[in-house]
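J.: For reference, the file model_35.txt (compact mmCIF, C-alpha atoms) is included below:
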```txt
# COMPACT_ATOMS: atom_id res chain seq x y z
CA MET J 1 93.33 119.00 121.14
CA SER J 2 92.77 115.45 119.84
CA LEU J 3 89.14 116.30 119.04
CA LEU J 4 90.27 119.37 117.12
CA ALA J 5 92.82 117.31 115.16
CA LEU J 6 90.19 114.69 114.36
CA SER J 7 87.81 117.39 113.15
CA GLY J 8 90.51 118.84 110.92
CA ILE J 9 91.28 115.46 109.38
CA SER J 10 87.58 114.88 108.76
CA LEU J 11 87.22 118.24 107.01
CA VAL J 12 90.21 117.48 104.78
CA ALA J 13 88.77 114.07 103.91
CA LEU J 14 85.35 115.53 103.11
CA ALA J 15 86.90 118.28 101.03
CA GLY J 16 88.62 115.66 98.91
CA CYS J 17 85.42 113.77 98.17
CA SER J 18 84.29 113.76 94.55
CA SER J 19 82.47 111.51 92.13
CA ASP J 20 85.79 109.87 91.27
CA GLY J 21 86.53 109.40 94.95
CA SER J 22 83.13 107.79 95.47
CA SER J 23 83.84 105.39 92.59
CA ASP J 24 87.21 104.49 94.09
CA LEU J 25 85.52 103.79 97.41
CA GLU J 26 82.88 101.66 95.72
CA ARG J 27 85.60 99.65 93.95
CA LEU J 28 87.65 99.48 97.19
CA ALA J 29 90.71 101.06 95.47
CA MET J 30 90.59 98.65 92.54
CA PRO J 31 91.00 100.27 89.08
CA ASP J 32 87.90 100.60 86.93
CA PRO J 33 88.07 97.34 84.91
CA GLY J 34 88.41 97.85 81.17
CA THR J 35 87.47 94.26 80.26
CA VAL J 36 84.53 91.92 80.73
CA GLU J 37 86.73 89.51 82.69
CA GLY J 38 87.92 92.37 84.88
CA GLU J 39 84.35 92.96 86.06
CA SER J 40 84.28 89.43 87.49
CA ILE J 41 87.63 89.99 89.20
CA LEU J 42 86.32 93.26 90.67
CA SER J 43 83.21 91.51 92.00
CA LEU J 44 85.37 88.86 93.64
CA TRP J 45 87.55 91.58 95.19
CA GLN J 46 84.54 93.49 96.53
CA GLY J 47 82.87 90.36 97.87
CA ALA J 48 86.03 89.26 99.69
CA TRP J 49 86.42 92.66 101.36
CA ILE J 50 82.74 92.83 102.35
CA ALA J 51 82.88 89.35 103.89
CA ALA J 52 86.13 90.20 105.71
CA LEU J 53 84.67 93.45 107.08
CA ILE J 54 81.48 91.73 108.27
CA THR J 55 83.56 89.06 110.00
CA GLY J 56 85.79 91.72 111.56
CA VAL J 57 82.83 93.74 112.86
CA ILE J 58 81.29 90.63 114.45
CA VAL J 59 84.58 89.62 116.09
CA TRP J 60 85.34 93.16 117.30
CA GLY J 61 81.79 93.50 118.61
CA LEU J 62 82.05 90.26 120.60
CA ILE J 63 85.43 91.32 122.00
CA PHE J 64 84.22 94.74 123.13
CA TYR J 65 80.95 93.30 124.47
CA SER J 66 82.84 90.73 126.52
CA VAL J 67 85.27 93.33 127.85
CA TRP J 68 82.39 95.58 128.94
CA ARG J 69 79.81 93.02 130.02
CA PHE J 70 82.09 90.75 132.00
CA ARG J 71 84.50 93.33 133.41
CA ARG J 72 85.38 92.92 137.05
CA ARG J 73 83.82 95.43 139.39
CA SER J 74 85.17 96.50 142.75
CA ASP J 75 82.53 94.57 144.72
CA ASP J 76 82.47 91.48 142.50
CA GLU J 77 83.91 88.14 143.30
CA ILE J 78 86.11 86.44 140.76
CA PRO J 79 83.72 84.93 138.14
CA VAL J 80 83.54 81.23 137.45
CA GLN J 81 86.44 80.20 135.23
CA THR J 82 85.06 78.11 132.35
CA ARG J 83 87.64 75.87 130.69
CA TYR J 84 85.78 75.47 127.42
CA ASN J 85 82.49 76.02 125.64
CA LEU J 86 81.83 73.14 123.27
CA PRO J 87 79.09 74.74 121.09
CA LEU J 88 81.16 77.92 120.69
CA GLU J 89 84.29 75.99 119.77
CA ILE J 90 82.39 73.95 117.19
CA PHE J 91 81.03 77.17 115.70
CA TYR J 92 84.54 78.70 115.57
CA THR J 93 85.76 75.59 113.72
CA ILE J 94 82.91 75.06 111.25
CA PHE J 95 82.22 78.67 110.25
CA PRO J 96 85.78 79.45 109.00
CA ILE J 97 85.71 76.24 106.95
CA ILE J 98 82.44 77.35 105.34
CA MET J 99 83.96 80.76 104.57
CA VAL J 100 87.02 79.19 102.93
CA VAL J 101 84.82 76.89 100.81
CA VAL J 102 82.71 79.84 99.62
CA PHE J 103 85.78 81.98 98.83
CA PHE J 104 87.42 79.07 97.01
CA SER J 105 84.34 78.33 94.88
CA HIS J 106 84.00 81.97 93.78
CA THR J 107 87.73 82.19 93.06
CA VAL J 108 87.61 79.09 90.87
CA ARG J 109 84.58 80.45 89.01
CA VAL J 110 86.35 83.74 88.20
CA GLN J 111 89.56 81.90 87.33
CA ASN J 112 87.70 79.72 84.85
CA GLU J 113 86.21 82.81 83.20
CA VAL J 114 89.62 84.44 82.76
CA LEU J 115 91.41 81.24 81.70
CA ASP J 116 88.56 80.00 79.50
CA ASP J 117 89.86 77.66 76.78
CA ALA J 118 87.03 78.48 74.40
CA THR J 119 88.18 79.58 70.95
CA PRO J 120 89.07 83.30 71.16
CA ASP J 121 88.63 85.87 68.39
CA ASN J 122 92.36 86.67 68.41
CA THR J 123 95.54 85.15 69.77
CA ILE J 124 98.65 87.19 70.55
CA THR J 125 101.94 85.61 71.62
CA VAL J 126 103.42 87.91 74.26
CA VAL J 127 107.16 87.51 74.84
CA GLY J 128 108.83 88.97 77.91
CA GLN J 129 112.58 89.27 77.53
CA GLN J 130 115.30 91.20 79.26
CA TRP J 131 114.29 93.99 79.12
CA THR J 132 111.32 94.65 76.86
CA TRP J 133 108.26 93.02 75.30
CA THR J 134 107.48 91.58 71.87
CA PHE J 135 103.88 91.16 70.66
CA ASN J 136 103.28 88.61 67.89
CA HIS J 137 100.03 88.79 65.88
CA PRO J 138 98.92 86.14 63.34
CA TYR J 139 98.10 87.84 60.02
CA ASP J 140 97.42 86.35 56.57
CA GLY J 141 99.09 83.06 57.44
CA GLU J 142 102.20 84.83 58.72
CA ASN J 143 103.33 86.44 61.95
CA VAL J 144 103.66 90.21 62.30
CA TRP J 145 105.28 91.60 65.40
CA GLU J 146 105.82 94.75 67.42
CA GLY J 147 108.70 95.01 69.88
CA GLY J 148 110.47 97.56 72.02
CA ASP J 149 114.05 98.24 72.94
CA GLY J 150 116.01 100.39 75.34
CA ASN J 151 114.93 103.57 73.55
CA ARG J 152 111.30 102.81 72.73
CA ILE J 153 108.35 101.41 74.66
CA PRO J 154 106.33 98.92 72.55
CA THR J 155 102.58 99.20 72.02
CA LEU J 156 100.09 96.37 72.32
CA VAL J 157 97.07 96.97 70.07
CA LEU J 158 93.79 95.13 70.76
CA PRO J 159 90.38 95.19 69.03
CA VAL J 160 87.43 96.30 71.14
CA ASP J 161 84.56 93.92 71.99
CA GLU J 162 86.59 90.88 70.90
CA THR J 163 88.17 88.20 73.05
CA THR J 164 91.95 88.12 72.77
CA ARG J 165 94.02 85.31 74.21
CA PHE J 166 97.56 86.08 75.43
CA GLU J 167 100.06 83.24 75.04
CA LEU J 168 102.85 84.14 77.48
CA ARG J 169 106.43 83.09 76.66
CA THR J 170 109.95 84.05 77.71
CA PRO J 171 113.42 82.90 76.62
CA ASP J 172 115.27 83.99 79.76
CA VAL J 173 113.93 84.63 83.29
CA ILE J 174 110.57 84.94 85.04
CA HIS J 175 108.60 88.04 84.11
CA SER J 176 105.02 89.05 84.92
CA PHE J 177 102.69 90.49 82.28
CA GLY J 178 100.11 92.86 83.70
CA ILE J 179 97.79 95.71 82.70
CA PRO J 180 96.39 97.55 85.75
CA GLY J 181 93.39 98.82 83.79
CA PHE J 182 92.44 95.20 83.04
CA VAL J 183 92.94 94.22 86.74
CA MET J 184 94.79 91.10 85.64
CA LYS J 185 98.38 89.90 85.52
CA MET J 186 100.16 86.57 85.12
CA ASP J 187 103.71 85.27 85.41
CA VAL J 188 105.68 84.60 82.24
CA MET J 189 107.93 81.64 83.03
CA PRO J 190 110.66 79.87 81.02
CA GLY J 191 109.49 76.50 79.75
CA GLN J 192 105.89 77.05 80.87
CA GLN J 193 103.05 78.03 78.53
CA ASN J 194 100.80 80.32 80.57
CA HIS J 195 97.85 82.12 79.06
CA PHE J 196 94.79 84.22 79.85
CA GLN J 197 92.26 86.17 77.81
CA VAL J 198 90.58 89.56 77.89
CA THR J 199 87.60 91.21 76.20
CA PRO J 200 88.09 95.01 76.16
CA LYS J 201 84.82 96.89 76.62
CA GLU J 202 85.64 100.28 75.13
CA ILE J 203 88.20 102.09 73.00
CA GLY J 204 90.97 103.72 75.03
CA ASP J 205 94.59 103.76 76.15
CA TYR J 206 96.14 101.83 79.03
CA ARG J 207 99.56 101.17 80.50
CA GLY J 208 101.25 97.87 81.24
CA ASN J 209 104.44 96.69 82.87
CA CYS J 210 106.34 93.76 84.32
CA TYR J 211 105.39 92.92 87.91
CA GLU J 212 108.29 90.55 88.58
CA LEU J 213 111.80 91.78 89.39
CA CYS J 214 113.62 90.34 86.38
CA GLY J 215 117.04 91.96 86.46
CA VAL J 216 118.88 95.23 86.65
CA TYR J 217 116.76 96.97 83.96
CA HIS J 218 113.41 95.63 85.16
CA SER J 219 112.08 99.20 85.35
CA ARG J 220 112.34 99.47 81.53
CA MET J 221 109.83 96.70 80.93
CA LEU J 222 106.92 99.03 80.20
CA PHE J 223 104.43 98.92 77.34
CA ASN J 224 101.44 100.88 76.10
CA VAL J 225 98.05 99.38 75.30
CA GLU J 226 95.65 100.75 72.69
CA VAL J 227 92.13 99.36 72.35
CA VAL J 228 90.86 100.23 68.87
CA SER J 229 88.09 99.31 66.45
CA ARG J 230 88.36 96.20 64.28
CA ALA J 231 89.04 98.34 61.20
CA ASP J 232 91.88 100.17 62.94
CA TYR J 233 93.27 96.88 64.23
CA ASP J 234 93.35 95.41 60.71
CA ALA J 235 95.04 98.57 59.44
CA TYR J 236 97.61 98.28 62.23
CA LEU J 237 98.46 94.68 61.31
CA GLN J 238 98.75 95.64 57.66
CA GLY J 239 101.10 98.45 58.64
CA LEU J 240 103.36 96.02 60.49
CA GLU J 241 103.47 93.82 57.39
CA GLU J 242 104.31 96.73 55.12
CA ALA J 243 107.07 97.80 57.55
CA GLY J 244 108.71 94.39 57.11
CA GLN J 245 108.04 93.24 60.68
CA VAL J 246 107.06 89.78 59.45
CA SER J 247 108.24 86.27 60.36
CA ASP J 248 107.14 82.70 59.79
CA GLU J 249 106.76 81.99 63.51
CA PRO J 250 106.31 84.15 66.63
CA ILE J 251 109.59 85.76 67.66
CA ILE J 252 110.55 84.40 71.06
CA GLY J 253 113.87 85.95 72.00
CA GLY J 254 116.68 84.90 69.72
CA SER J 255 118.40 87.46 67.54
CA TYR J 256 115.87 90.21 68.22
CA ALA J 257 116.43 89.94 71.98
CA ASP J 258 120.18 90.05 71.41
CA GLU J 259 119.95 93.28 69.43
CA GLN J 260 118.56 95.47 72.23
CA VAL J 261 119.83 99.05 72.05
CA GLY J 262 119.77 102.00 74.36
CA ILE J 263 121.95 100.49 77.08
CA GLU J 264 125.31 102.04 76.61
CA GLU J 265 128.38 100.06 77.50
CA GLY J 266 129.28 102.50 80.22
CA GLU J 267 125.78 102.29 81.70
CA ALA J 268 125.78 98.51 81.66
CA GLU J 269 129.10 98.25 83.47
```
For the file at hand, write its structure as structure tokens.
T.:
Amino acid sequence: MSLLALSGISLVALAGCSSDGSSDLERLAMPDPGTVEGESILSLWQGAWIAALITGVIVWGLIFYSVWRFRRRSDDEIPVQTRYNLPLEIFYTIFPIIMVVVFFSHTVRVQNEVLDDATPDNTITVVGQQWTWTFNHPYDGENVWEGGDGNRIPTLVLPVDETTRFELRTPDVIHSFGIPGFVMKMDVMPGQQNHFQVTPKEIGDYRGNCYELCGVYHSRMLFNVEVVSRADYDAYLQGLEEAGQVSDEPIIGGSYADEQVGIEEGEAE
């Protein structure tokens, strides 16, 4: 019966295989990165899993070998009880340290790529506030902004093939700014100026959200992402200016955050 059940599960799994499924397996369930920096994060993710699986196979193999090779037989005497094995214990101490050093060095390398302080092509001040997002874009010496409210999800527009730096700010509590398609997120903390940068590889649409439980309406902190051409990006910024969404400085909370709509008094109670 168990063999029949296992065969059935295998058939179902094979029936579900496709090119997309193969890609998911190759990426080890990580989304297909939409940015140059995301490719480095994906490589780090894959390398960590491969190293962990190799280590696991070696350890499991040694365990099963020892269980089988040194099992007690009916006519055997009790084997010699060894208290320690100095070479083996040294190996078990040194090898994990080497693994940690290698993992740490690759993590720092990828972190430096994502948090690179080189001058970006664009800088956007991202403000997380209870419970929506505001995106501030420098334009013609001014600041143009796009923000959401309780009735509307805001849209973050980015130019393709250009490096954009996100300056993360919040006037209230801890949020977390993340875009799954970019395989990157970072906390947005009061009084702390966090940042990271991305370089989108192709035109397309993505989804983003807050990854930190930030209050009762945390689930509303969604936003859309549109990667467009430079010409479309310039037209978008001009449209914000013509719509009157202009300020001298980036909007970080304040009156705009206090004017959130869509949460009825009865719902808030």
J.: Which residue is closest to Ser247 of chain J? Choose from J:Phe177, J:Trp145, J:Tyr211, J:Trp131 and count only C-alpha atoms.
T.: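 Counting only C-alpha atoms, the residue closest to Ser247 of chain J is J:Trp145.
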J.: Do you know which residues are at most 12 Å from segment 90-97 of chain J counting only C-alpha atoms, after dropping those on the same chain fewer than 4 positions away, and could you put them as number ranges by chain?
T.: J: 51-52, 55, 59, 84-86, 101-104
J.: Using all atoms listed in the file, which of the listed residues (J:Leu44, J:Arg207, J:Pro87, J:Asn136) sits closest to Ile153 of chain J?
T.: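 So, comparing all the options, the nearest one is J:Arg207.
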J.: In Å, how far is it from atom CA of Val126 of chain J to atom CA of Ile41 of chain J?
T.: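 Atom-to-atom, atom CA of Val126 of chain J to atom CA of Ile41 of chain J, that is 21.8 Å.
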J.: May I ask for the distance between atom CA of Gln129 of chain J and atom CA of Glu241 of chain J, given in Å to one decimal place?
T.: 22.6 Å
J.: Enclose segment 234-253 of chain J, meaning all of its atoms listed in the file, in a box aligned along x, y and z, pad it by 3 Å on each side, and list the centre and edge lengths in Å to one decimal, as lines of an AutoDock Vina configuration file.
T.:
```
center_x = 103.6
center_y = 90.3
center_z = 63.6
size_x = 26.5
size_y = 22.6
size_z = 22.9
```
J.: Quick one: residues within 12 Å of Gln197 of chain J, all atoms listed in the file counted, chain neighbours fewer than 5 positions away excluded, as a ChimeraX atom specification?
T.: /J:35-38,111-126,158,162-168,178,182,184-186
